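Data first, discussion second: the structure below is written as structure tokens.
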Amino acid sequence: MLLADVARVSAEMAATSARSEKTALLAGLFRGADPHEAPIALTYLSGRLPQGRVGVGWSVLRDLPAPAAVPVLTVAEVDRAVGALAAVAGKGAQAERRRLVGALMGAATAQEQRFLRGLLGGELRQGALDAAAAEGLAAAAGADPAEVRRAVMLSGSLAAVAGELLARGPAALADFRLEVGRPVQPMLAQTAADVDEALDRLGPCAVEEKLDGIRVQVHRDGGSVRIWTRRLEEVTERLPELCRVALELPVSSAVLDGEVIALDAEGRPRPFQETAGRVGSRLDVAGAAVTVPLSPVFFDLLAVDGRDLLALPTAGRHAELARVVPGPLRVRRLVVADPAEAEERAAARDFAEEVLRRGHEGVVVKALAAPYTAGRRGSAWLKVKPVHTLDLVVLAAEWGHGRRTGKLSNLHLGARRPDGTFAMLGKTFKGMTDAMLAWQTERLRELATGDDGFVVRVRPELVVEVAFDGIQRSSRYPAGVTLRFARVVRYREDKRAEDADTVETVLALGATG
């Protein structure tokens, strides 16, 4: 498979919002594709590298050689080149990376260079890919799309399913089953504005506290325990206390879904960064477990003692969960059997308010009749949490890629210091409509003070209202904090830069959040 074909499909997918067109493009790419190269191409199209981060920043990608006239690079050759980049370490590493990137880019056409620059720089954003890719694979291989989606759900890897399906045909899908020791993609929640909306949409449901922790999937098989995060990164060795809890359960095997969270002496959540830092740390795990102990909270059971529970309704799975997991280790919840009853609705609202008073994020409302739909952000789970907003100043913006090529996209956001300067809090490219992208590109170019081809610096005059989920500590930014899941709400042309929120306000939100 030529890289040129992948780059072309990437550009064409970025130019359309129609899922049917994306599916057709992917089906065309996969027909006749080498089963060994297709998983790599899929990973590229999702904006990732199989090797993970390879230490290539924009300084390495800034000055590229002249592009090749004819496409010759194959996906396998690019994969080997990126593998060599990932292996670079030690003295002279940066120079060696420049050499390797230069050699790779010199063999690439102009379109391939644009694709590789976005891929290596971590700026290739293709949008939601999995659904269209599953259907494209099904069309290319003559398989049932529902069976492909189920295989992806149970394997936890779209790329793995692609390789097997293209190599062996539809019969390969039967090999993908729920197995203890192989993680599945977790079920995700959509958003509701408030508890009442969630109740109206779901009917009979359970209202559960939403913890500001790290999602974990725990697999127990006899005396063995393995643990994965939401992104299916294995973290077993980092969470010895969770392993001990899993081994104490009265089961021979189980697959549990839940979270781990750091709590203070009063049972309130400690800052999210402490939980994230603890789960992410591989150093002195025993000491970290004493300094920042993590508490597990389980809210679902996917399998137990050889039984697959995925098809059971929420109510049935919770009954099994309650049978094997003690109350203190289960999520707090309130069952709303009849949302039409005023007393039950009031109780649900009271429960949500109490969750917030306890310092947690909000609630997740789950339909009692819904099966566990792994890997999908389905409508059977709805999250409800308060939205925080800040008025911040745009300090710079980055040129976009893919569908946003030619548009200023990723905004650098700043809060006002006492001396009138601005401290950068982070970046966001989320929440922008096509009309907003066009407007802000024109406006920011009017305010530009410099453009290095990647980042446009601007006069700090434009105020934007930004919604976010919380404040977390970060050594990357001058105020020592950054915004979690920031997204643009609207531009505030009615406000001047001196009206923007201050660093002091942001720090106060972090202290109370």
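Residues are named by chain letter and number: chains run A, B, ... in the order of the structure tokens, numbers start at 1 in each chain, and ligands are numbered from 1 in the order shown.
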All residues 9 Å or closer to Gly378 in chain A, only C-alpha atoms, same chain fewer than 5 positions away omitted, as a ChimeraX atom specification:
/A:187-190,373
As JSON, numbers by chain, please: every residue in range 32-272 of chain A that DSSP puts in strand (DSSP E or B).
{"A": [74, 188, 189, 190, 191, 205, 206, 207, 208, 209, 210, 214, 215, 216, 217, 218, 219, 220, 221, 224, 225, 226, 227, 228, 229, 234, 253, 254, 255, 256, 257, 258, 259, 260, 261, 262, 263, 269]}
Restricted to N, CA, C and O atoms, what would the selected residues look like written as a short mmCIF file (atom, residue, chain, number, x, y, z; two decimals), in the first residue's frame?
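That gives us result.cif:
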data_model
loop_
_atom_site.label_atom_id
_atom_site.label_comp_id
_atom_site.auth_asym_id
_atom_site.auth_seq_id
_atom_site.Cartn_x
_atom_site.Cartn_y
_atom_site.Cartn_z
N THR A 74 6.00 3.25 0.57
CA THR A 74 4.94 2.34 1.01
C THR A 74 4.69 2.54 2.51
O THR A 74 5.55 3.08 3.24
N LEU A 188 -19.12 4.31 26.92
CA LEU A 188 -18.98 5.73 27.21
C LEU A 188 -20.35 6.40 27.28
O LEU A 188 -21.35 5.82 26.88
N ALA A 189 -20.36 7.62 27.78
CA ALA A 189 -21.62 8.33 28.01
C ALA A 189 -21.71 9.56 27.13
O ALA A 189 -20.72 10.24 26.87
N GLN A 190 -22.93 9.86 26.68
CA GLN A 190 -23.22 11.14 26.07
C GLN A 190 -23.51 12.16 27.17
O GLN A 190 -23.48 11.82 28.36
N THR A 191 -23.80 13.38 26.77
CA THR A 191 -24.01 14.47 27.73
C THR A 191 -25.47 14.89 27.77
O THR A 191 -26.13 14.96 26.72
N CYS A 205 -34.22 4.33 35.35
CA CYS A 205 -32.76 4.47 35.28
C CYS A 205 -32.15 4.43 36.67
O CYS A 205 -32.84 4.41 37.69
N ALA A 206 -30.82 4.44 36.68
CA ALA A 206 -30.06 4.59 37.92
C ALA A 206 -29.22 5.85 37.80
O ALA A 206 -28.63 6.11 36.75
N VAL A 207 -29.18 6.63 38.86
CA VAL A 207 -28.35 7.84 38.90
C VAL A 207 -27.14 7.51 39.76
O VAL A 207 -27.28 7.20 40.95
N GLU A 208 -25.94 7.57 39.16
CA GLU A 208 -24.72 7.21 39.85
C GLU A 208 -23.78 8.39 39.97
O GLU A 208 -23.74 9.25 39.07
N GLU A 209 -23.01 8.43 41.05
CA GLU A 209 -22.04 9.51 41.19
C GLU A 209 -20.95 9.36 40.13
O GLU A 209 -20.55 8.25 39.78
N LYS A 210 -20.53 10.50 39.59
CA LYS A 210 -19.46 10.52 38.60
C LYS A 210 -18.19 11.00 39.29
O LYS A 210 -18.09 12.15 39.69
N ILE A 214 -9.61 7.90 37.57
CA ILE A 214 -9.09 7.27 36.36
C ILE A 214 -9.87 5.98 36.11
O ILE A 214 -9.97 5.12 36.99
N ARG A 215 -10.43 5.86 34.92
CA ARG A 215 -11.20 4.67 34.56
C ARG A 215 -10.28 3.46 34.52
O ARG A 215 -9.17 3.51 33.97
N VAL A 216 -10.74 2.36 35.10
CA VAL A 216 -9.95 1.13 35.09
C VAL A 216 -10.85 -0.05 34.74
O VAL A 216 -12.03 -0.08 35.07
N GLN A 217 -10.25 -1.01 34.07
CA GLN A 217 -10.91 -2.27 33.76
C GLN A 217 -10.07 -3.37 34.39
O GLN A 217 -8.89 -3.52 34.08
N VAL A 218 -10.67 -4.11 35.32
CA VAL A 218 -9.93 -5.08 36.13
C VAL A 218 -10.32 -6.49 35.70
O VAL A 218 -11.50 -6.85 35.71
N HIS A 219 -9.32 -7.30 35.34
CA HIS A 219 -9.55 -8.69 34.94
C HIS A 219 -8.94 -9.60 36.00
O HIS A 219 -7.73 -9.55 36.24
N ARG A 220 -9.76 -10.42 36.61
CA ARG A 220 -9.29 -11.41 37.59
C ARG A 220 -9.48 -12.80 37.01
O ARG A 220 -10.57 -13.16 36.57
N ASP A 221 -8.42 -13.58 37.00
CA ASP A 221 -8.46 -14.96 36.52
C ASP A 221 -7.73 -15.82 37.52
O ASP A 221 -6.49 -15.90 37.51
N SER A 224 -4.55 -14.49 39.31
CA SER A 224 -3.91 -13.47 38.47
C SER A 224 -4.85 -12.29 38.27
O SER A 224 -6.05 -12.46 38.05
N VAL A 225 -4.28 -11.08 38.33
CA VAL A 225 -5.06 -9.85 38.09
C VAL A 225 -4.31 -8.99 37.09
O VAL A 225 -3.08 -8.83 37.20
N ARG A 226 -5.05 -8.43 36.13
CA ARG A 226 -4.49 -7.46 35.20
C ARG A 226 -5.43 -6.27 35.11
O ARG A 226 -6.66 -6.42 35.19
N ILE A 227 -4.85 -5.08 34.94
CA ILE A 227 -5.62 -3.84 34.99
C ILE A 227 -5.26 -2.96 33.80
O ILE A 227 -4.08 -2.79 33.48
N TRP A 228 -6.30 -2.41 33.16
CA TRP A 228 -6.10 -1.50 32.03
C TRP A 228 -6.84 -0.18 32.28
O TRP A 228 -7.83 -0.14 33.01
N THR A 229 -6.36 0.89 31.65
CA THR A 229 -7.03 2.18 31.71
C THR A 229 -8.07 2.26 30.60
O THR A 229 -8.23 1.35 29.79
N GLU A 234 -2.01 -0.97 29.91
CA GLU A 234 -1.94 -1.82 31.10
C GLU A 234 -1.17 -1.13 32.21
O GLU A 234 -0.07 -0.61 32.00
N SER A 253 -13.20 -15.84 38.49
CA SER A 253 -12.82 -14.96 37.39
C SER A 253 -13.85 -13.86 37.27
O SER A 253 -15.03 -14.04 37.61
N ALA A 254 -13.42 -12.70 36.79
CA ALA A 254 -14.33 -11.57 36.63
C ALA A 254 -13.67 -10.49 35.78
O ALA A 254 -12.44 -10.39 35.70
N VAL A 255 -14.52 -9.68 35.13
CA VAL A 255 -14.09 -8.47 34.43
C VAL A 255 -14.94 -7.34 34.99
O VAL A 255 -16.16 -7.32 34.83
N LEU A 256 -14.27 -6.40 35.68
CA LEU A 256 -14.97 -5.30 36.35
C LEU A 256 -14.62 -3.97 35.71
O LEU A 256 -13.50 -3.76 35.23
N ASP A 257 -15.60 -3.06 35.72
CA ASP A 257 -15.42 -1.71 35.20
C ASP A 257 -15.58 -0.73 36.35
O ASP A 257 -16.52 -0.87 37.15
N GLY A 258 -14.66 0.23 36.47
CA GLY A 258 -14.78 1.18 37.57
C GLY A 258 -13.74 2.29 37.46
O GLY A 258 -13.24 2.58 36.37
N GLU A 259 -13.44 2.89 38.58
CA GLU A 259 -12.45 3.96 38.64
C GLU A 259 -11.59 3.79 39.88
O GLU A 259 -12.01 3.15 40.85
N VAL A 260 -10.41 4.39 39.83
CA VAL A 260 -9.61 4.56 41.04
C VAL A 260 -9.48 6.05 41.29
O VAL A 260 -9.38 6.84 40.34
N ILE A 261 -9.48 6.43 42.55
CA ILE A 261 -9.45 7.84 42.90
C ILE A 261 -8.72 8.02 44.23
O ILE A 261 -8.80 7.18 45.12
N ALA A 262 -7.99 9.12 44.34
CA ALA A 262 -7.31 9.47 45.59
C ALA A 262 -8.26 10.30 46.44
O ALA A 262 -8.79 11.31 45.98
N LEU A 263 -8.48 9.87 47.69
CA LEU A 263 -9.39 10.56 48.60
C LEU A 263 -8.63 11.09 49.80
O LEU A 263 -7.61 10.51 50.22
N PRO A 269 -12.53 13.88 47.25
CA PRO A 269 -11.47 13.66 46.25
C PRO A 269 -10.32 14.64 46.38
O PRO A 269 -10.53 15.84 46.58
#
Report, in Å with one decimal, the straight-line distance from CA of Val6 in chain A to CA of Pro71 in chain A.
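Between CA of Val6 in chain A and CA of Pro71 in chain A the gap works out to 11.5 Å.
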Residue set, range 254-287 of chain A restricted to helix (DSSP H, G or I), as JSON, numbers by chain
{"A": [272, 273, 274, 275, 276, 277, 278, 279, 280, 285, 286, 287]}
Residue neighbourhood Leu239 in chain A, 10 Å, only C-alpha atoms, exclusion window fewer than 2 positions, as a PyMOL selection string:
chain A and resi 226-227+235-237+241-244+260+278-279+281-282+285-286+288-289+293-294
May I have the residues within 12 Å of Met153 in chain A as a ChimeraX atom specification, using only C-alpha atoms and disregarding those fewer than 6 positions away in the same chain?
/A:130-131,134,146-147,159-161,173,176-179,182-187,232,310,372-376
Interatomic distance (Å, one decimal) between CA of Ser252 in chain A and CA of Val304 in chain A:
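The value is 7.8 Å.
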Contacts of Lys427 in chain A at 8 Å (only C-alpha atoms; same-chain gap of 6+ positions) as a PyMOL selection string:
chain A and resi 410-413+486
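Those residues that approach range 316-326 of chain A to within 7 Å, counting only C-alpha atoms, are Leu249, Pro250, Asp300, Leu301, Leu309, Leu312, Pro313, Thr314, Pro328, Leu329 and Arg330 of chain A; same-chain residues fewer than 2 positions away are not listed.
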Go ahead and save the residues from that selection, with C-alpha atoms, as a short mmCIF file (atom, residue, chain, number, x, y, z; two decimals), in the first residue's frame.
data_model
loop_
_atom_site.label_atom_id
_atom_site.label_comp_id
_atom_site.auth_asym_id
_atom_site.auth_seq_id
_atom_site.Cartn_x
_atom_site.Cartn_y
_atom_site.Cartn_z
CA LEU A 249 -13.50 -10.92 45.79
CA PRO A 250 -15.44 -14.23 46.11
CA ASP A 300 -20.18 -2.50 36.31
CA LEU A 301 -19.47 -6.20 35.90
CA LEU A 309 -22.77 -10.45 31.09
CA LEU A 312 -27.68 -8.34 30.41
CA PRO A 313 -29.54 -5.09 31.17
CA THR A 314 -27.97 -2.58 33.53
CA PRO A 328 -17.99 0.26 50.12
CA LEU A 329 -16.32 -0.70 46.83
CA ARG A 330 -19.39 0.03 44.67
#
With distances taken over only C-alpha atoms, which of A:Ala423, A:Ala348, A:Val335, A:Ala162 is nearest to Ala139 in chain A?
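Looking only at the distances to Ala139 in chain A, the closest residue turns out to be A:Ala162.
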When you look at Gly118 in chain A with a cut-off of 12 Å (counting only C-alpha atoms), what residues show up, excluding the ones that are within fewer than 2 positions of it in the same chain? I need them as an NGL selection string.
:A and (7 or 10-11 or 44-49 or 56-58 or 61-62 or 111-116 or 120-126 or 399-402 or 404-405 or 454)
Nearest residue to Ala337 in chain A out of A:Leu154, A:Ala369, A:Leu166, A:Val355, using only C-alpha atoms?
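Of all the options, A:Ala369 lies closest to Ala337 in chain A.
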